[in-house]
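final.tsv, holding TSV, C-alpha atoms:
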chain	number	residue	atom	x	y	z
A	1	MET	CA	13.06	-10.50	-24.55
A	2	SER	CA	15.79	-9.99	-21.94
A	3	ASP	CA	16.23	-12.42	-19.09
A	4	PRO	CA	15.31	-10.64	-15.79
A	5	SER	CA	17.64	-12.97	-13.90
A	6	GLN	CA	20.62	-11.42	-15.75
A	7	ASN	CA	19.74	-7.83	-14.89
A	8	ARG	CA	22.12	-6.96	-12.06
A	9	ALA	CA	20.02	-3.89	-11.20
A	10	ASN	CA	17.51	-6.34	-9.68
A	11	TYR	CA	20.08	-7.65	-7.16
A	12	CYS	CA	21.52	-6.21	-3.97
A	13	TYR	CA	24.84	-4.49	-4.65
A	14	ARG	CA	26.31	-6.05	-1.46
A	15	HIS	CA	24.71	-9.50	-1.89
A	16	PRO	CA	24.67	-10.34	-5.62
A	17	ASP	CA	22.59	-13.48	-5.05
A	18	ARG	CA	19.63	-11.65	-3.47
A	19	GLN	CA	16.87	-10.09	-5.56
A	20	SER	CA	15.21	-6.89	-4.40
A	21	PHE	CA	12.95	-4.18	-5.79
A	22	ILE	CA	13.80	-1.43	-3.35
A	23	LEU	CA	16.43	1.23	-3.99
A	24	CYS	CA	18.38	3.38	-1.56
A	25	GLN	CA	16.60	6.73	-1.50
A	26	ARG	CA	19.91	8.62	-1.42
A	27	CYS	CA	22.20	6.89	-3.92
A	28	GLY	CA	19.74	4.73	-5.92
A	29	ARG	CA	21.53	1.40	-5.43
A	30	THR	CA	19.50	-1.81	-5.10
A	31	ILE	CA	19.52	-3.22	-1.55
A	32	CYS	CA	18.12	-6.38	0.02
A	33	THR	CA	16.24	-6.66	3.32
A	34	GLU	CA	19.39	-7.17	5.36
A	35	CYS	CA	20.98	-4.02	3.96
A	36	GLN	CA	17.94	-1.76	4.35
A	37	THR	CA	17.77	0.85	7.09
A	38	PRO	CA	14.36	2.60	7.34
A	39	ALA	CA	14.53	6.35	6.86
A	40	ALA	CA	11.96	9.14	7.04
A	41	VAL	CA	11.22	8.42	3.38
A	42	GLY	CA	12.08	4.96	2.03
A	43	VAL	CA	15.25	3.17	3.12
A	44	HIS	CA	19.00	3.79	2.94
A	45	CYS	CA	21.96	1.54	2.19
A	46	PRO	CA	24.76	0.92	4.74
A	47	GLU	CA	27.14	3.42	3.12
A	48	CYS	CA	24.59	6.22	3.15
A	49	VAL	CA	23.64	5.39	6.75
A	50	ARG	CA	27.29	5.63	7.84
A	51	GLU	CA	27.61	8.96	6.06
A	52	GLN	CA	24.43	10.31	7.69
A	53	ARG	CA	25.52	9.15	11.15
A	54	ALA	CA	28.88	10.85	10.73
A	55	GLN	CA	27.12	14.07	9.72
A	56	PHE	CA	24.71	13.75	12.65
A	57	ARG	CA	27.55	13.25	15.16
A	58	GLU	CA	29.34	16.29	13.77
A	59	THR	CA	26.17	18.39	14.00
A	60	ARG	CA	25.47	17.16	17.55
A	61	ARG	CA	28.95	18.12	18.65
A	62	THR	CA	28.32	21.60	17.26
A	63	VAL	CA	24.74	22.44	18.32
A	64	GLY	CA	23.37	19.36	20.12
A	65	PRO	CA	20.22	17.39	19.15
A	66	SER	CA	16.75	18.88	19.57
A	67	GLY	CA	13.87	16.94	21.07
A	68	PHE	CA	12.10	16.99	17.71
A	69	THR	CA	15.15	15.57	15.95
A	70	VAL	CA	15.44	12.70	18.43
A	71	ALA	CA	11.72	11.88	18.18
A	72	ARG	CA	11.80	12.01	14.37
A	73	ARG	CA	14.81	9.70	14.21
A	74	ARG	CA	13.18	7.19	16.56
A	75	PHE	CA	9.93	7.19	14.57
A	76	SER	CA	11.83	6.71	11.33
A	77	MET	CA	13.30	3.46	12.70
A	78	VAL	CA	9.88	1.82	13.20
A	79	ASP	CA	9.56	-1.09	10.76
A	80	GLN	CA	6.58	-1.09	8.35
A	81	LYS	CA	4.99	1.87	10.11
A	82	ALA	CA	2.46	2.55	7.34
A	83	THR	CA	1.03	-0.98	7.62
A	84	ALA	CA	0.89	-0.64	11.41
A	85	VAL	CA	-0.94	2.69	11.18
A	86	LEU	CA	-3.52	1.32	8.71
A	87	ILE	CA	-4.23	-1.66	10.96
A	88	ALA	CA	-4.40	0.53	14.07
A	89	VAL	CA	-6.87	2.94	12.46
A	90	SER	CA	-9.05	0.04	11.28
A	91	VAL	CA	-9.08	-1.53	14.74
A	92	VAL	CA	-9.92	1.77	16.47
A	93	ILE	CA	-12.81	2.38	14.09
A	94	TRP	CA	-14.02	-1.21	14.60
A	95	VAL	CA	-14.06	-0.64	18.38
A	96	LEU	CA	-16.01	2.58	17.86
A	97	GLN	CA	-18.47	0.66	15.68
A	98	LEU	CA	-19.02	-1.87	18.47
A	99	VAL	CA	-19.46	0.82	21.12
A	100	THR	CA	-21.92	2.87	19.06
A	101	ARG	CA	-23.82	0.00	17.43
A	102	PRO	CA	-26.55	-0.05	20.14
A	103	PHE	CA	-27.20	3.62	19.29
A	104	GLY	CA	-27.91	3.04	15.60
A	105	ASP	CA	-24.34	2.34	14.36
A	106	PRO	CA	-23.55	5.98	13.40
A	107	ILE	CA	-19.88	5.20	12.61
A	108	THR	CA	-20.79	2.75	9.86
A	109	ALA	CA	-23.48	5.09	8.56
A	110	ALA	CA	-20.99	7.98	8.41
A	111	LEU	CA	-18.14	6.12	6.69
A	112	GLN	CA	-19.69	3.46	4.41
A	113	PHE	CA	-19.72	4.00	0.65
A	114	ASN	CA	-22.62	4.24	-1.75
A	115	ALA	CA	-22.46	5.85	-5.19
A	116	ALA	CA	-25.27	8.20	-4.16
A	117	TYR	CA	-22.84	9.95	-1.77
A	118	ILE	CA	-20.25	10.86	-4.42
A	119	GLY	CA	-21.81	14.22	-5.19
A	120	THR	CA	-21.86	15.46	-1.59
A	121	GLN	CA	-19.47	13.24	0.40
A	122	PRO	CA	-16.78	11.94	-1.98
A	123	TRP	CA	-14.42	11.05	0.88
A	124	ARG	CA	-16.54	7.96	1.45
A	125	LEU	CA	-14.74	6.44	-1.55
A	126	LEU	CA	-11.85	5.88	0.91
A	127	THR	CA	-13.32	6.02	4.42
A	128	SER	CA	-15.27	2.83	3.73
A	129	LEU	CA	-11.93	0.98	3.69
A	130	PHE	CA	-11.69	1.31	7.47
A	131	VAL	CA	-15.20	0.06	8.34
A	132	HIS	CA	-16.02	-3.64	8.75
A	133	GLY	CA	-19.16	-5.65	9.25
A	134	SER	CA	-18.12	-8.49	11.56
A	135	VAL	CA	-15.26	-9.91	13.60
A	136	LEU	CA	-14.37	-12.38	10.84
A	137	HIS	CA	-14.48	-9.58	8.27
A	138	ILE	CA	-11.93	-7.40	10.07
A	139	LEU	CA	-9.79	-10.34	11.20
A	140	PHE	CA	-9.38	-11.67	7.66
A	141	ASN	CA	-8.65	-8.26	6.17
A	142	MET	CA	-6.21	-7.20	8.90
A	143	TYR	CA	-4.39	-10.53	8.85
A	144	THR	CA	-3.97	-10.28	5.07
A	145	LEU	CA	-2.89	-6.65	5.37
A	146	PHE	CA	-0.37	-7.62	8.05
A	147	ILE	CA	1.17	-10.33	5.83
A	148	PHE	CA	1.18	-8.67	2.42
A	149	GLY	CA	1.33	-5.09	3.67
A	150	ARG	CA	4.60	-5.62	5.51
A	151	MET	CA	6.18	-7.37	2.53
A	152	LEU	CA	5.07	-4.72	0.05
A	153	GLU	CA	5.99	-1.81	2.30
A	154	GLN	CA	9.45	-3.29	2.70
A	155	MET	CA	9.76	-3.66	-1.08
A	156	VAL	CA	8.50	-0.25	-2.23
A	157	GLY	CA	8.71	1.98	0.85
A	158	ALA	CA	6.05	3.48	3.11
A	159	TRP	CA	4.74	6.26	0.86
A	160	ARG	CA	4.50	4.13	-2.26
A	161	PHE	CA	2.73	1.47	-0.23
A	162	LEU	CA	0.18	3.97	1.06
A	163	ALA	CA	-0.40	5.18	-2.50
A	164	LEU	CA	-0.94	1.57	-3.58
A	165	PHE	CA	-3.37	0.87	-0.74
A	166	PHE	CA	-5.52	3.95	-1.27
A	167	LEU	CA	-5.49	3.81	-5.08
A	168	SER	CA	-6.56	0.16	-4.98
A	169	GLY	CA	-9.31	1.03	-2.50
A	170	LEU	CA	-10.38	3.97	-4.66
A	171	PHE	CA	-10.72	1.78	-7.75
A	172	GLY	CA	-12.61	-0.78	-5.67
A	173	SER	CA	-15.18	1.85	-4.72
A	174	VAL	CA	-15.30	3.13	-8.31
A	175	ALA	CA	-16.09	-0.39	-9.57
A	176	VAL	CA	-18.99	-0.57	-7.10
A	177	ALA	CA	-20.25	2.82	-8.30
A	178	VAL	CA	-20.10	1.70	-11.94
A	179	LEU	CA	-21.32	-1.89	-11.62
A	180	ALA	CA	-23.62	-1.73	-8.56
A	181	PRO	CA	-24.49	1.94	-7.94
A	182	GLY	CA	-27.25	1.21	-5.42
A	183	THR	CA	-25.06	-0.98	-3.20
A	184	SER	CA	-23.59	0.20	0.10
A	185	VAL	CA	-20.20	-1.33	0.87
A	186	ILE	CA	-17.67	-1.41	3.70
A	187	GLY	CA	-14.31	-3.05	4.23
A	188	ALA	CA	-10.72	-3.02	2.98
A	189	SER	CA	-11.18	-5.98	0.63
A	190	GLY	CA	-10.80	-3.88	-2.52
A	191	ALA	CA	-7.48	-2.51	-1.30
A	192	ILE	CA	-6.39	-6.00	-0.18
A	193	PHE	CA	-7.00	-7.41	-3.66
A	194	GLY	CA	-5.00	-4.49	-5.01
A	195	LEU	CA	-2.09	-5.57	-2.82
A	196	PHE	CA	-2.36	-9.08	-4.28
A	197	ALA	CA	-2.27	-7.70	-7.82
A	198	ALA	CA	0.63	-5.31	-7.20
A	199	PHE	CA	2.66	-8.01	-5.45
A	200	PHE	CA	2.13	-10.26	-8.48
A	201	VAL	CA	3.32	-7.52	-10.85
A	202	LEU	CA	6.41	-6.74	-8.75
A	203	GLN	CA	7.34	-10.40	-8.40
A	204	ARG	CA	7.06	-10.89	-12.15
A	205	SER	CA	9.19	-7.81	-12.79
A	206	LEU	CA	11.93	-9.33	-10.61
A	207	GLY	CA	11.75	-12.64	-12.45
A	208	GLY	CA	10.04	-14.44	-9.57
A	209	ASN	CA	7.44	-17.20	-9.85
A	210	ALA	CA	4.09	-15.70	-8.82
A	211	VAL	CA	1.78	-18.44	-10.11
A	212	GLN	CA	0.72	-19.50	-6.60
A	213	LEU	CA	-0.26	-15.94	-5.75
A	214	LEU	CA	-2.28	-15.74	-8.95
A	215	VAL	CA	-4.13	-18.92	-7.97
A	216	ILE	CA	-4.86	-17.57	-4.48
A	217	MET	CA	-6.13	-14.30	-5.93
A	218	GLY	CA	-8.33	-16.18	-8.41
A	219	LEU	CA	-9.82	-18.46	-5.74
A	220	ASN	CA	-10.66	-15.52	-3.48
A	221	LEU	CA	-12.19	-13.69	-6.41
A	222	VAL	CA	-14.38	-16.71	-7.24
A	223	ILE	CA	-15.51	-16.92	-3.61
A	224	GLY	CA	-16.68	-13.31	-3.89
A	225	PHE	CA	-18.93	-14.29	-6.82
A	226	ILE	CA	-20.36	-17.35	-5.05
A	227	VAL	CA	-20.88	-16.23	-1.45
A	228	PRO	CA	-23.81	-13.79	-1.05
A	229	GLY	CA	-23.24	-10.45	0.63
A	230	ILE	CA	-19.71	-9.95	-0.75
A	231	ALA	CA	-19.08	-6.96	-3.01
A	232	TRP	CA	-17.14	-8.72	-5.76
A	233	GLN	CA	-17.18	-5.46	-7.72
A	234	ALA	CA	-14.82	-3.92	-5.17
A	235	HIS	CA	-12.49	-6.91	-5.54
A	236	VAL	CA	-12.38	-6.52	-9.31
A	237	GLY	CA	-11.79	-2.77	-9.06
A	238	GLY	CA	-9.07	-3.27	-6.45
A	239	ILE	CA	-7.27	-5.72	-8.74
A	240	VAL	CA	-7.36	-3.18	-11.58
A	241	GLY	CA	-6.00	-0.45	-9.30
A	242	GLY	CA	-3.30	-2.76	-7.95
A	243	PHE	CA	-2.17	-3.83	-11.40
A	244	LEU	CA	-2.00	-0.22	-12.62
A	245	THR	CA	-0.06	0.98	-9.57
A	246	GLY	CA	2.31	-1.98	-9.63
A	247	PHE	CA	2.96	-1.37	-13.33
A	248	VAL	CA	3.77	2.28	-12.61
A	249	PHE	CA	6.22	1.22	-9.90
A	250	THR	CA	8.04	-1.21	-12.19
A	251	LYS	CA	8.35	1.30	-15.04
A	252	THR	CA	9.51	4.23	-12.89
A	253	ARG	CA	11.86	2.44	-10.55
A	254	ASN	CA	14.89	4.64	-11.21
A	255	ILE	CA	15.32	7.32	-8.58
A	256	ARG	CA	15.59	9.94	-11.37
A	257	GLN	CA	12.04	9.03	-12.44
A	258	ARG	CA	10.46	10.00	-9.12
A	259	GLY	CA	8.71	13.02	-10.62
A	260	LEU	CA	7.26	10.90	-13.41
A	261	GLN	CA	6.16	8.26	-10.90
A	262	ILE	CA	4.36	10.82	-8.73
A	263	GLY	CA	2.72	12.32	-11.80
A	264	LEU	CA	1.46	8.93	-13.00
A	265	LEU	CA	0.08	8.07	-9.56
A	266	ILE	CA	-1.73	11.42	-9.41
A	267	GLY	CA	-3.07	10.75	-12.90
A	268	GLU	CA	-4.31	7.36	-11.76
A	269	ALA	CA	-6.14	8.99	-8.84
A	270	VAL	CA	-7.67	11.60	-11.15
A	271	LEU	CA	-8.85	8.84	-13.49
A	272	GLY	CA	-10.51	6.99	-10.60
A	273	ILE	CA	-12.25	10.12	-9.34
A	274	ALA	CA	-13.40	11.00	-12.87
A	275	LEU	CA	-14.92	7.54	-13.31
A	276	ALA	CA	-16.68	7.86	-9.95
A	277	VAL	CA	-18.11	11.26	-10.85
A	278	GLY	CA	-19.18	9.91	-14.24
A	279	ALA	CA	-21.01	7.04	-12.59
A	280	TYR	CA	-22.72	9.45	-10.18
A	281	VAL	CA	-23.84	11.75	-13.02
A	282	TYR	CA	-25.07	8.83	-15.09
A	283	TYR	CA	-27.04	7.04	-12.38
A	284	PHE	CA	-28.17	9.90	-10.17

Here is the file; what I need is its structure written in the form of structure tokens.
Amino acid sequence: MSDPSQNRANYCYRHPDRQSFILCQRCGRTICTECQTPAAVGVHCPECVREQRAQFRETRRTVGPSGFTVARRRFSMVDQKATAVLIAVSVVIWVLQLVTRPFGDPITAALQFNAAYIGTQPWRLLTSLFVHGSVLHILFNMYTLFIFGRMLEQMVGAWRFLALFFLSGLFGSVAVAVLAPGTSVIGASGAIFGLFAAFFVLQRSLGGNAVQLLVIMGLNLVIGFIVPGIAWQAHVGGIVGGFLTGFVFTKTRNIRQRGLQIGLLIGEAVLGIALAVGAYVYYF
């Protein structure tokens, strides 16, 4: 077995002592946090940024920047924008839940997941991720998403992070459909556990020590079995989805494997949906 610490592809090309998973989306070189510049898709290394800026200045001298170009460039510079958007959407929906709760809580009723809805409203497999049952519920999930989401988004890029979040949440809902088909669930916990699992896989692939994270994930999983009212099935499913997605990321890291990576992620989504439909057909 090769020693990950000796694989120079795991280290920043400008700082050989710093490990990183992320690659420049233009040239494919490994870059650390200090060397990353957020782009519309992924991040770029300093050399590619200088080249783009030179091209932009030349284009501006010729035709001038459009308002859309300026707005797009400013948005692309927002750090961890996918994590911020997920948190913002969750908070907005939580406020709507509070406002409408005296009128029968229609927001929760419209977005929560139950296996019985798969045949007619399959989108609930994912919309339930943005609904929460209490202040502590949303605070814990959003705090965890803020901590691990920002780290993971910085490591793998915004679009891969979104794929990880939704695939983990999908498998969390699928696990509920298979193991507890009559249960209605809400919350991002399944996706959060998927982030734990994927972070563990990525850390191990870089040769890092992820034992503490494994212990934290195990303790939280045990709490889900002990404390009543917690859908531990979603946690288990989220872990499975996170492990699968993290494994795909580690095996298709090369920029030339982007097509394969997208295909595998789509295949993972198809597998999750097929399992959900199978559970619906079997139980209902």

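One finds CA of Ser128 in chain A at 4.9 Å from CA of Ile186 in chain A.
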
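Distances from A:Val227, A:Val131, A:Val43, A:Ile239 to Arg29 in chain A were compared using only C-alpha atoms, and the smallest one belongs to A:Val43.
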
Can you pull out the residues contacting Ala180 in chain A? Cut-off 9 Å, using only C-alpha atoms, and skip same-chain residues under 4 positions away; I want them as a PDB file with C-alpha atoms, keeping the file's coordinate frame.
ATOM      1  CA  ALA A 115     -22.460   5.850  -5.190  1.00  0.00           C
ATOM      2  CA  ALA A 175     -16.090  -0.390  -9.570  1.00  0.00           C
ATOM      3  CA  VAL A 176     -18.990  -0.570  -7.100  1.00  0.00           C
ATOM      4  CA  SER A 184     -23.590   0.200   0.100  1.00  0.00           C
ATOM      5  CA  ALA A 231     -19.080  -6.960  -3.010  1.00  0.00           C
ATOM      6  CA  GLN A 233     -17.180  -5.460  -7.720  1.00  0.00           C
TER       7      GLN A 233
END

*asked:* Taking 2 positions as the minimum chain separation for residues in the same chain, which residues sit within 8 Å of range 87-102 of chain A when counting all atoms listed in the file? Answer as a VMD selection string.
replied: chain A and resid 83 to 85 104 to 108 130 to 132 138 142 145 to 146

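Coordinates place CA of Gln36 in chain A at a distance of 26.8 Å from CA of Phe193 in chain A.
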
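Put simply, CA of Thr250 in chain A is 22.5 Å away from CA of Gly218 in chain A.
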
_Here's a test: counting all atoms listed in the file, identify every protein, DNA and RNA residue with an atom at most 8 Å from (-7.9, -8.0, -0.3) in the file's coordinate frame, and state them as number ranges by chain._
A: 141, 144-145, 188-196, 235, 238

Given the point (-2.7, -0.9, -5.9) in the file's coordinates, find the residues that have an atom at most 7 Å from it, counting all atoms listed in the file, and give them as a PDB file with C-alpha atoms, in the coordinates of the input.
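And here is the file that came out, point_13.pdb:
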ATOM      1  CA  LEU A 164      -0.940   1.570  -3.580  1.00  0.00           C
ATOM      2  CA  PHE A 165      -3.370   0.870  -0.740  1.00  0.00           C
ATOM      3  CA  LEU A 167      -5.490   3.810  -5.080  1.00  0.00           C
ATOM      4  CA  SER A 168      -6.560   0.160  -4.980  1.00  0.00           C
ATOM      5  CA  ALA A 191      -7.480  -2.510  -1.300  1.00  0.00           C
ATOM      6  CA  GLY A 194      -5.000  -4.490  -5.010  1.00  0.00           C
ATOM      7  CA  LEU A 195      -2.090  -5.570  -2.820  1.00  0.00           C
ATOM      8  CA  ALA A 198       0.630  -5.310  -7.200  1.00  0.00           C
ATOM      9  CA  GLY A 238      -9.070  -3.270  -6.450  1.00  0.00           C
ATOM     10  CA  GLY A 241      -6.000  -0.450  -9.300  1.00  0.00           C
ATOM     11  CA  GLY A 242      -3.300  -2.760  -7.950  1.00  0.00           C
ATOM     12  CA  PHE A 243      -2.170  -3.830 -11.400  1.00  0.00           C
ATOM     13  CA  LEU A 244      -2.000  -0.220 -12.620  1.00  0.00           C
ATOM     14  CA  THR A 245      -0.060   0.980  -9.570  1.00  0.00           C
ATOM     15  CA  GLY A 246       2.310  -1.980  -9.630  1.00  0.00           C
TER      16      GLY A 246
END

*Looking at only C-alpha atoms, which of A:Tyr143, A:Phe56, A:Phe166, A:Phe200 is the one that sits closest to Trp123 in chain A?*
A:Phe166

Write out as an mmCIF file with C-alpha atoms, keeping the file's coordinate frame the residues lying within 10 Å of Leu260 in chain A, counting all atoms listed in the file and excluding same-chain residues fewer than 6 positions away.
data_model
loop_
_atom_site.group_PDB
_atom_site.id
_atom_site.type_symbol
_atom_site.label_atom_id
_atom_site.label_comp_id
_atom_site.auth_asym_id
_atom_site.auth_seq_id
_atom_site.Cartn_x
_atom_site.Cartn_y
_atom_site.Cartn_z
ATOM 1 C CA VAL A 248 3.770 2.280 -12.610
ATOM 2 C CA LYS A 251 8.350 1.300 -15.040
ATOM 3 C CA THR A 252 9.510 4.230 -12.890
ATOM 4 C CA ILE A 266 -1.730 11.420 -9.410
#

_Just want the 12 Å neighbourhood of Asn10 in chain A, counted on all atoms listed in the file, with same-chain residues fewer than 6 positions away dropped. Output as a PyMOL selection string._
chain A and resi 3-4+16-23+28-32+155+202-208+250+253-254

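With all atoms listed in the file as the atoms that count, the minimum distance from Phe247 in chain A to the choices A:Ala197, A:Ile262, A:Leu170, A:Leu271 is reached by A:Ala197.
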
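Between Phe249 in chain A and the residues A:Phe140, A:Phe225, A:Phe113, A:Phe199, the shortest atom-to-atom distance, using all atoms listed in the file, involves A:Phe199.
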